[in-house]
Amino acid sequence: MTLAFCGQPLDRADPVRADPERLASLAAPDAQLLLLDRLIPRLGEGRLQWGRVADAGEGAELVFLGLREGEPLFASVPEGGDTDPAYARRETWTALARLADEDLALYGAARSVLDWHARHRFCAQCGQPTTLAKGGWQRDCSSCGASHFPRVDPVAIMLVEHEGRVLLGRNAGFPQGTYSALAGFVEPGETIEEAVAREVLEEAGVRVRDVRYIASQPWPFPSQLMIGCHAKATSDVLAIDPNELEDARWFARAEVAEAIENGEASTGFKAPTSRAIAHYLLRWWLEETA
Ligand SMILES: [Zn+2]
């Protein structure tokens with residue numbers, strides 16, 4: 001069971017990022033450049049397509065993605081980023097569905113960092129323009145001296161269990177019939193366990209204990225790190241916050257198994273897409289309780 005966007009095949013080669021001369025020599029005109037239409041990957045036979053750094057044009061901001069078997073790979077920062085939610089871009093999803101696992105991980109990392117550059121061109125401290133540094137894993141402000149780093153936003157996502165059933169919810173934006181694990185951003189000053197407990201209480205009115213970590217997944221729309229957990233509810237009485245959830249229910253093992261096995265054809269609820277960690281968590285739970 002592999003998780004989408006995981007298993008980055010590149011050596012991120014931090015010493016190279018920190019060495020401007022080495023970086024400049026690697027970014028030769030014939031070095032490999034990831035081909036994108038804005039942030040949408042160009043594909044050929046299910047693989048990412050690569051052009052040459054020379055194609056990026058004069059003055060392009062280049063991100064050093066890393067080394068693949070010693071060969072440097074680059075991508076060029078597009079003019080604009082992408083603030084739409086992941087499901088809003090059908091072309092992206094069509095492309096992603098065809099990509100090999102290894103390329104999906106490579107694309108996810110590239111997408112996240114390129115989007116960050118495109119939308120963070122100015123200093124958050126003084127408002128002046130910033131410049132790309134460390135091969136694209138930093139931006140520096142020459143006006144006030146601040147350094148800025150690509151964002152990673154932690155999100156706790158949890159499968160809450162009570163006496164053999166799991167709690168799943170849906171919000172109004174989900175495709176019809178789809179229920180998924182509850183989730184929310186980790187806030188400053190919180191542990192992952194505290195974020196899990198707070199989110200479940202806020203959204204569904206349920207207290208949890210025994211929070212444990214299961215798996216994580218980078219989710220590049222735009223820069224989440226999904227932290228998958230399991231928790232036990234102390235009661236099955238729900239008090240749903242209608243601002244957060246349209247509905248939430250407890251699902252028995254057989255219902256979850258049917259939804260996972262039959263996907264879109266499920267006669268019960270629809271499980272989240274197989275690319276999402278919520279799908280992985282449900283599969284993990286089915287195996288765990290088998
Ligand atoms: Zn500044």
# chains A, B, ... in the order shown; residues from 1 in each chain; ligands from 1
>>> residues_near_ligand(ligand="ligand 1", cutoff="9 Å", atoms="only C-alpha atoms and all ligand atoms", output="compact mmCIF listing (two decimals) with C-alpha atoms, in the first residue's frame")
# COMPACT_ATOMS: atom_id res chain seq x y z
CA PHE A 122 7.87 40.03 -1.34
CA CYS A 123 9.33 40.18 2.14
CA ALA A 124 6.78 39.49 4.89
CA GLN A 125 8.81 41.69 7.24
CA CYS A 126 9.44 44.86 5.19
CA GLY A 127 7.45 44.46 1.95
CA GLN A 128 10.42 44.74 -0.44
CA PRO A 129 11.00 42.24 -3.29
CA THR A 130 12.95 39.11 -2.31
CA ASP A 140 16.30 36.44 0.90
CA CYS A 141 15.44 40.09 1.38
CA SER A 142 18.37 42.37 0.56
CA SER A 143 16.53 45.31 2.09
CA CYS A 144 16.13 44.09 5.70
CA GLY A 145 18.23 40.92 5.64
CA ALA A 146 15.36 38.51 6.43
CA SER A 147 15.37 34.97 5.04
>>> residues_around(residues="Ala183 of chain A", least_positions_apart="6", cutoff="12 Å", atoms="only C-alpha atoms", output="count of residues only")
34
>>> residues_around(residues="Pro220 of chain A", least_positions_apart="6", cutoff="8 Å", atoms="only C-alpha atoms", output="VMD selection string")
chain A and resid 108 to 109 111 to 112
>>> atom_distance(atom1="atom CA of Ala257 of chain A", atom2="atom CA of Ala88 of chain A")
28.2 Å
>>> select_by_dssp(residues="segment 84-115 of chain A", states="alpha helix (DSSP H)", output="ChimeraX atom specification")
/A:90-98,101-115
>>> closest_residue(among="A:Ala110, A:Leu26, A:Val63, A:Leu132", to="Leu48 of chain A", atoms="only C-alpha atoms")
A:Ala110
>>> residues_around(residues="Glu163 of chain A", least_positions_apart="2", cutoff="12 Å", atoms="only C-alpha atoms", output="number ranges by chain")
A: 160-161, 165-167, 231-236, 250-253, 289
>>> write_last_selection(atoms="N, CA and C atoms", output="PDB file, in the first residue's frame")
ATOM      1  N   VAL A 160     -11.185   8.259  14.030  1.00  0.00           N
ATOM      2  CA  VAL A 160     -11.636   8.129  15.416  1.00  0.00           C
ATOM      3  C   VAL A 160     -12.515   6.887  15.519  1.00  0.00           C
ATOM      4  N   GLU A 161     -12.202   6.052  16.494  1.00  0.00           N
ATOM      5  CA  GLU A 161     -12.885   4.761  16.602  1.00  0.00           C
ATOM      6  C   GLU A 161     -13.661   4.667  17.910  1.00  0.00           C
ATOM      7  N   ARG A 165     -16.480   0.924  15.362  1.00  0.00           N
ATOM      8  CA  ARG A 165     -16.964   1.777  14.272  1.00  0.00           C
ATOM      9  C   ARG A 165     -16.068   3.010  14.170  1.00  0.00           C
ATOM     10  N   VAL A 166     -15.981   3.590  12.967  1.00  0.00           N
ATOM     11  CA  VAL A 166     -15.163   4.798  12.815  1.00  0.00           C
ATOM     12  C   VAL A 166     -16.033   6.007  12.472  1.00  0.00           C
ATOM     13  N   LEU A 167     -15.555   7.149  12.909  1.00  0.00           N
ATOM     14  CA  LEU A 167     -16.266   8.411  12.692  1.00  0.00           C
ATOM     15  C   LEU A 167     -15.754   9.056  11.404  1.00  0.00           C
ATOM     16  N   ALA A 231      -7.396   7.537  16.898  1.00  0.00           N
ATOM     17  CA  ALA A 231      -7.741   7.916  18.272  1.00  0.00           C
ATOM     18  C   ALA A 231      -8.981   7.148  18.692  1.00  0.00           C
ATOM     19  N   LYS A 232      -9.144   6.982  20.008  1.00  0.00           N
ATOM     20  CA  LYS A 232     -10.335   6.296  20.526  1.00  0.00           C
ATOM     21  C   LYS A 232     -11.280   7.313  21.140  1.00  0.00           C
ATOM     22  N   ALA A 233     -12.545   7.238  20.766  1.00  0.00           N
ATOM     23  CA  ALA A 233     -13.547   8.144  21.322  1.00  0.00           C
ATOM     24  C   ALA A 233     -14.019   7.605  22.665  1.00  0.00           C
ATOM     25  N   THR A 234     -14.314   8.513  23.593  1.00  0.00           N
ATOM     26  CA  THR A 234     -14.810   8.071  24.898  1.00  0.00           C
ATOM     27  C   THR A 234     -16.330   7.883  24.879  1.00  0.00           C
ATOM     28  N   SER A 235     -16.980   8.386  23.823  1.00  0.00           N
ATOM     29  CA  SER A 235     -18.438   8.243  23.706  1.00  0.00           C
ATOM     30  C   SER A 235     -18.800   8.329  22.229  1.00  0.00           C
ATOM     31  N   ASP A 236     -19.951   7.812  21.838  1.00  0.00           N
ATOM     32  CA  ASP A 236     -20.343   7.915  20.417  1.00  0.00           C
ATOM     33  C   ASP A 236     -21.428   8.975  20.200  1.00  0.00           C
ATOM     34  N   TRP A 250     -21.054   7.430  12.401  1.00  0.00           N
ATOM     35  CA  TRP A 250     -20.211   6.273  12.704  1.00  0.00           C
ATOM     36  C   TRP A 250     -20.457   5.214  11.648  1.00  0.00           C
ATOM     37  N   PHE A 251     -19.370   4.626  11.139  1.00  0.00           N
ATOM     38  CA  PHE A 251     -19.486   3.603  10.098  1.00  0.00           C
ATOM     39  C   PHE A 251     -18.925   2.279  10.590  1.00  0.00           C
ATOM     40  N   ALA A 252     -19.678   1.214  10.337  1.00  0.00           N
ATOM     41  CA  ALA A 252     -19.242  -0.123  10.741  1.00  0.00           C
ATOM     42  C   ALA A 252     -18.180  -0.627   9.771  1.00  0.00           C
ATOM     43  N   ARG A 253     -17.450  -1.627  10.223  1.00  0.00           N
ATOM     44  CA  ARG A 253     -16.366  -2.188   9.415  1.00  0.00           C
ATOM     45  C   ARG A 253     -16.842  -2.639   8.032  1.00  0.00           C
ATOM     46  N   THR A 289      -8.037  -4.378  11.900  1.00  0.00           N
ATOM     47  CA  THR A 289      -9.159  -4.986  12.614  1.00  0.00           C
ATOM     48  C   THR A 289      -9.609  -6.300  11.975  1.00  0.00           C
TER      49      THR A 289
END
>>> atom_distance(atom1="atom CA of Gly184 of chain A", atom2="atom CA of Asn262 of chain A")
27.6 Å
>>> select_by_dssp(residues="segment 153-203 of chain A", states="strand (DSSP E or B)", output="number ranges by chain")
A: 153-162, 165-170, 178, 180, 182-185
>>> closest_residue(among="A:Ala27, A:Ile260, A:Glu91, A:Gly205", to="Asp241 of chain A", atoms="only C-alpha atoms")
A:Gly205
>>> residues_around(residues="segment 31-45 of chain A", least_positions_apart="5", cutoff="6 Å", atoms="only C-alpha atoms", output="list of chain:residue names")
A:Trp50, A:Gly51, A:Arg52, A:Val53, A:Leu73, A:Phe74, A:Ala75, A:Pro78, A:Thr92
>>> write_last_selection(atoms="C-alpha atoms", output="compact mmCIF listing (two decimals), in the first residue's frame")
# COMPACT_ATOMS: atom_id res chain seq x y z
CA TRP A 50 11.99 17.17 -19.26
CA GLY A 51 13.42 19.96 -21.40
CA ARG A 52 16.61 22.00 -21.02
CA VAL A 53 17.48 24.79 -18.59
CA LEU A 73 17.13 18.41 -12.09
CA PHE A 74 15.69 21.92 -12.21
CA ALA A 75 12.31 23.64 -12.52
CA PRO A 78 6.01 30.25 -13.09
CA THR A 92 -4.05 18.47 -12.90
>>> closest_residue(among="A:Ala28, A:Phe221, A:Ala239, A:Tyr280", to="Trp93 of chain A", atoms="only C-alpha atoms")
A:Phe221
>>> closest_residue(among="A:Arg17, A:Asp55, A:Glu258, A:Gly7", to="Asp30 of chain A", atoms="only C-alpha atoms")
A:Asp55
>>> atom_distance(atom1="atom CA of Lys134 of chain A", atom2="atom CA of Pro15 of chain A")
9.5 Å
>>> residues_around(residues="Pro9 of chain A", least_positions_apart="4", cutoff="8 Å", atoms="only C-alpha atoms", output="list in words")
Arg68, Glu102, Ala105 and Leu106 of chain A
>>> closest_residue(among="A:Gln49, A:Gln217, A:Thr191, A:Thr83", to="His279 of chain A", atoms="only C-alpha atoms")
A:Gln217
>>> closest_residue(among="A:His148, A:His117, A:Arg89, A:Arg249", to="His162 of chain A", atoms="only C-alpha atoms")
A:Arg249
